[in-house]
Amino acid sequence: GILAGAAMAFSPVFPRHVADALLVVLLVVLTRGLHQDGLADTLDGWLGGRSPEQRLLIMRDSRIGAFGATGLILTLGLRYVGLSALPDMARLSILACLPAIGRWAMVVGAVHVPYARAEGGLGQPFLQHLTGRDVLLATLLLSAPLMLAVGPLRGVVLTIVVACIARTVVVLARRLCGGITGDMLGLINECAELGFLLLVPVGLKL
C-alpha cells in the first residue's frame with residue numbers, strides 16, 4: 001500500500017523513470033535493506049565457500065564480498081527495469097502485490113525445511129513454527145489481491161512460478177548448507193519479487 005501510494009504521489013512530480021528509481025529506494029528503506037543483506041551474504045557464502053561449514057561462516061561475516069556486491073547491483077538494476085516495464089493501467093495493483101508475493105514465497109520455501117545452523121539464529125523460530133496451515137493461510141491472503149491485479153489464470157501461473165523459484169533456492173540451500181537460514185530467506189524474497197516483477201509484463205501481454 002505504501003508503494004502504491006508513493007507511486008501515485010511521485011507521478012505528478014517526477015518523470016516515470018525517476019519515480020521508478022525512487023520506488024526501488026523506498027522499498028529498500030522500508031525493509032532497512034534486510035533482504036538485500038540476506039541476498040548478499042548468501043551469495044558470498046555459497047560462491048565463496050567449499051564446505052557447508054565454511055559457507056555458513058562466510059555468511060556470518062558482516063563485510064560484503066565481490067559476489068554479494070555483484071548480486072546486489074544486478075538485482076537492484078533488474079528491479080528498476082521491471083518497474084519501468086509495468087503498464088500504467090496495472091501498475092498500482094501490482095506494486096501492492098509485489099512485497100506480498102515475496103513474503104508468501106518465504107513461507108512456501110521454508111515449510112518443512114531444517115535450519116542450517118546447529119547453534120540457532122534469527123530465522124530458526126520462523127522455521128520451527130511454520131506448518132502447512134500457515135502456507136494455506138498465506139496463499140488465501142495473497143490470492144484475492146493478486147487475482148484482481150493480473151486475473152485468475154495469470155495469478156495461478158505466477159504463483160506456481162514463484163513457488164518453483166522459492167523451492168529451487170531451498171534445494172540449493174540444502175545441498176550447499178544442509179538447510180536454510182534467515183539470510184537465505186532474504187534471498188528467496190529477492191528472487192521471488194524479481195521473478196514476479198519481470199514476468200508480470202510478459203503475462204499481461206498474453
# chains A, B, ... in the order shown; residues from 1 in each chain; ligands from 1
$ residues_around --residues "Arg154 in chain A" --least-positions-apart "2" --cutoff "12 Å" --atoms "only C-alpha atoms" --output "list of chain:residue names"
A:Ser143, A:Leu146, A:Met147, A:Leu148, A:Ala149, A:Val150, A:Gly151, A:Pro152, A:Val156, A:Val157, A:Leu158, A:Thr159, A:Ile160, A:Val161, A:Phe196, A:Leu199, A:Val200, A:Pro201, A:Val202, A:Gly203, A:Leu204, A:Lys205, A:Leu206
$ write_last_selection --atoms "N, CA, C and O atoms" --output "CSV table (one decimal), in the first residue's frame"
chain,number,residue,atom,x,y,z
A,143,SER,N,-4.2,-14.5,-2.6
A,143,SER,CA,-4.9,-14.8,-3.8
A,143,SER,C,-5.8,-13.7,-4.3
A,143,SER,O,-5.8,-13.3,-5.4
A,146,LEU,N,-4.0,-10.6,-5.7
A,146,LEU,CA,-3.2,-11.0,-6.9
A,146,LEU,C,-4.1,-11.3,-8.1
A,146,LEU,O,-3.9,-10.9,-9.2
A,147,MET,N,-5.2,-12.0,-7.9
A,147,MET,CA,-6.2,-12.3,-8.9
A,147,MET,C,-6.8,-11.0,-9.5
A,147,MET,O,-7.1,-10.8,-10.7
A,148,LEU,N,-7.1,-10.0,-8.6
A,148,LEU,CA,-7.6,-8.7,-9.0
A,148,LEU,C,-6.6,-8.0,-9.9
A,148,LEU,O,-7.0,-7.2,-10.8
A,149,ALA,N,-5.3,-8.1,-9.5
A,149,ALA,CA,-4.3,-7.3,-10.2
A,149,ALA,C,-4.0,-7.9,-11.6
A,149,ALA,O,-3.8,-7.1,-12.6
A,150,VAL,N,-3.9,-9.2,-11.8
A,150,VAL,CA,-3.5,-9.8,-13.0
A,150,VAL,C,-4.5,-10.8,-13.6
A,150,VAL,O,-4.3,-11.3,-14.8
A,151,GLY,N,-5.6,-11.1,-12.9
A,151,GLY,CA,-6.5,-12.0,-13.4
A,151,GLY,C,-6.3,-13.4,-12.9
A,151,GLY,O,-5.2,-13.8,-12.5
A,152,PRO,N,-7.3,-14.3,-12.8
A,152,PRO,CA,-7.2,-15.6,-12.2
A,152,PRO,C,-6.2,-16.5,-12.8
A,152,PRO,O,-5.3,-17.1,-12.1
A,156,VAL,N,-2.6,-17.7,-11.0
A,156,VAL,CA,-2.3,-19.0,-10.7
A,156,VAL,C,-0.9,-19.4,-11.3
A,156,VAL,O,-0.1,-20.0,-10.6
A,157,VAL,N,-0.7,-19.0,-12.6
A,157,VAL,CA,0.6,-19.3,-13.2
A,157,VAL,C,1.7,-18.6,-12.5
A,157,VAL,O,2.8,-19.2,-12.2
A,158,LEU,N,1.5,-17.4,-12.1
A,158,LEU,CA,2.6,-16.6,-11.4
A,158,LEU,C,2.9,-17.2,-10.1
A,158,LEU,O,4.1,-17.3,-9.7
A,159,THR,N,1.9,-17.6,-9.3
A,159,THR,CA,2.2,-18.2,-8.0
A,159,THR,C,2.9,-19.5,-8.2
A,159,THR,O,3.8,-19.9,-7.3
A,160,ILE,N,2.6,-20.3,-9.2
A,160,ILE,CA,3.3,-21.6,-9.4
A,160,ILE,C,4.7,-21.3,-9.7
A,160,ILE,O,5.6,-22.0,-9.2
A,161,VAL,N,5.0,-20.3,-10.6
A,161,VAL,CA,6.4,-20.0,-11.0
A,161,VAL,C,7.2,-19.5,-9.8
A,161,VAL,O,8.3,-19.9,-9.5
A,196,PHE,N,8.7,-12.3,-10.2
A,196,PHE,CA,7.3,-11.8,-10.3
A,196,PHE,C,7.3,-10.5,-11.2
A,196,PHE,O,6.5,-10.3,-12.1
A,199,LEU,N,8.2,-11.1,-14.8
A,199,LEU,CA,7.2,-11.9,-15.6
A,199,LEU,C,5.9,-11.3,-15.8
A,199,LEU,O,5.2,-11.6,-16.7
A,200,VAL,N,5.5,-10.4,-14.9
A,200,VAL,CA,4.1,-9.8,-15.0
A,200,VAL,C,3.9,-9.0,-16.3
A,200,VAL,O,2.9,-9.2,-17.0
A,201,PRO,N,4.8,-8.2,-16.7
A,201,PRO,CA,4.6,-7.5,-18.0
A,201,PRO,C,4.5,-8.5,-19.2
A,201,PRO,O,3.7,-8.2,-20.1
A,202,VAL,N,5.2,-9.6,-19.1
A,202,VAL,CA,5.1,-10.6,-20.2
A,202,VAL,C,3.7,-11.2,-20.1
A,202,VAL,O,3.1,-11.4,-21.2
A,203,GLY,N,3.3,-11.6,-18.9
A,203,GLY,CA,2.0,-12.3,-18.8
A,203,GLY,C,0.8,-11.4,-19.2
A,203,GLY,O,-0.2,-11.8,-19.8
A,204,LEU,N,0.9,-10.1,-18.9
A,204,LEU,CA,-0.2,-9.2,-19.3
A,204,LEU,C,-0.3,-9.0,-20.8
A,204,LEU,O,-1.4,-8.5,-21.2
A,205,LYS,N,0.7,-9.3,-21.5
A,205,LYS,CA,0.6,-9.2,-23.0
A,205,LYS,C,0.0,-10.4,-23.6
A,205,LYS,O,-0.4,-10.3,-24.8
A,206,LEU,N,-0.1,-11.5,-22.9
A,206,LEU,CA,-0.6,-12.7,-23.5
A,206,LEU,C,-2.2,-12.7,-23.4
A,206,LEU,O,-2.8,-12.1,-22.6
$ residues_around --residues "Thr139 in chain A" --least-positions-apart "3" --cutoff "9 Å" --atoms "only C-alpha atoms" --output "ChimeraX atom specification"
/A:104,108,134-136,142-143,159
$ residues_around --residues "Ile2 in chain A" --least-positions-apart "6" --cutoff "10 Å" --atoms "only C-alpha atoms" --output "list in words"
Met8, Leu23, Leu26, Leu27, Leu30, Leu95 and Ala96 of chain A
$ closest_residue --among "A:Ile165, A:Ile180, A:Val170, A:Leu3" --to "Gln128 in chain A" --atoms "only C-alpha atoms"
A:Ile180
$ atom_distance --atom1 "CA of Thr131 in chain A" --atom2 "CA of His112 in chain A"
7.3 Å
$ closest_residue --among "A:Gly182, A:Ala66, A:Phe10, A:His17" --to "Ala85 in chain A" --atoms "only C-alpha atoms"
A:His17
$ closest_residue --among "A:Leu22, A:Ala173, A:Val107, A:Leu141" --to "Ala9 in chain A" --atoms "only C-alpha atoms"
A:Leu22
$ atom_distance --atom1 "CA of Trp46 in chain A" --atom2 "CA of Arg60 in chain A"
12.1 Å
$ atom_distance --atom1 "CA of Ala144 in chain A" --atom2 "CA of Leu98 in chain A"
13.5 Å
$ residues_around --residues "Cys97 in chain A" --least-positions-apart "4" --cutoff "7 Å" --atoms "only C-alpha atoms" --output "number ranges by chain"
A: 93, 101, 145-146
$ select_by_dssp --residues "range 25-76 of chain A" --states "alpha helix (DSSP H)" --output "PyMOL selection string"
chain A and resi 25-30+34-48+52-60+66-76
$ residues_around --residues "Asp37 in chain A" --least-positions-apart "3" --cutoff "12 Å" --atoms "only C-alpha atoms" --output "ChimeraX atom specification"
/A:28,31-34,40-44,59-65,68-69,71-72,182-187,189-190
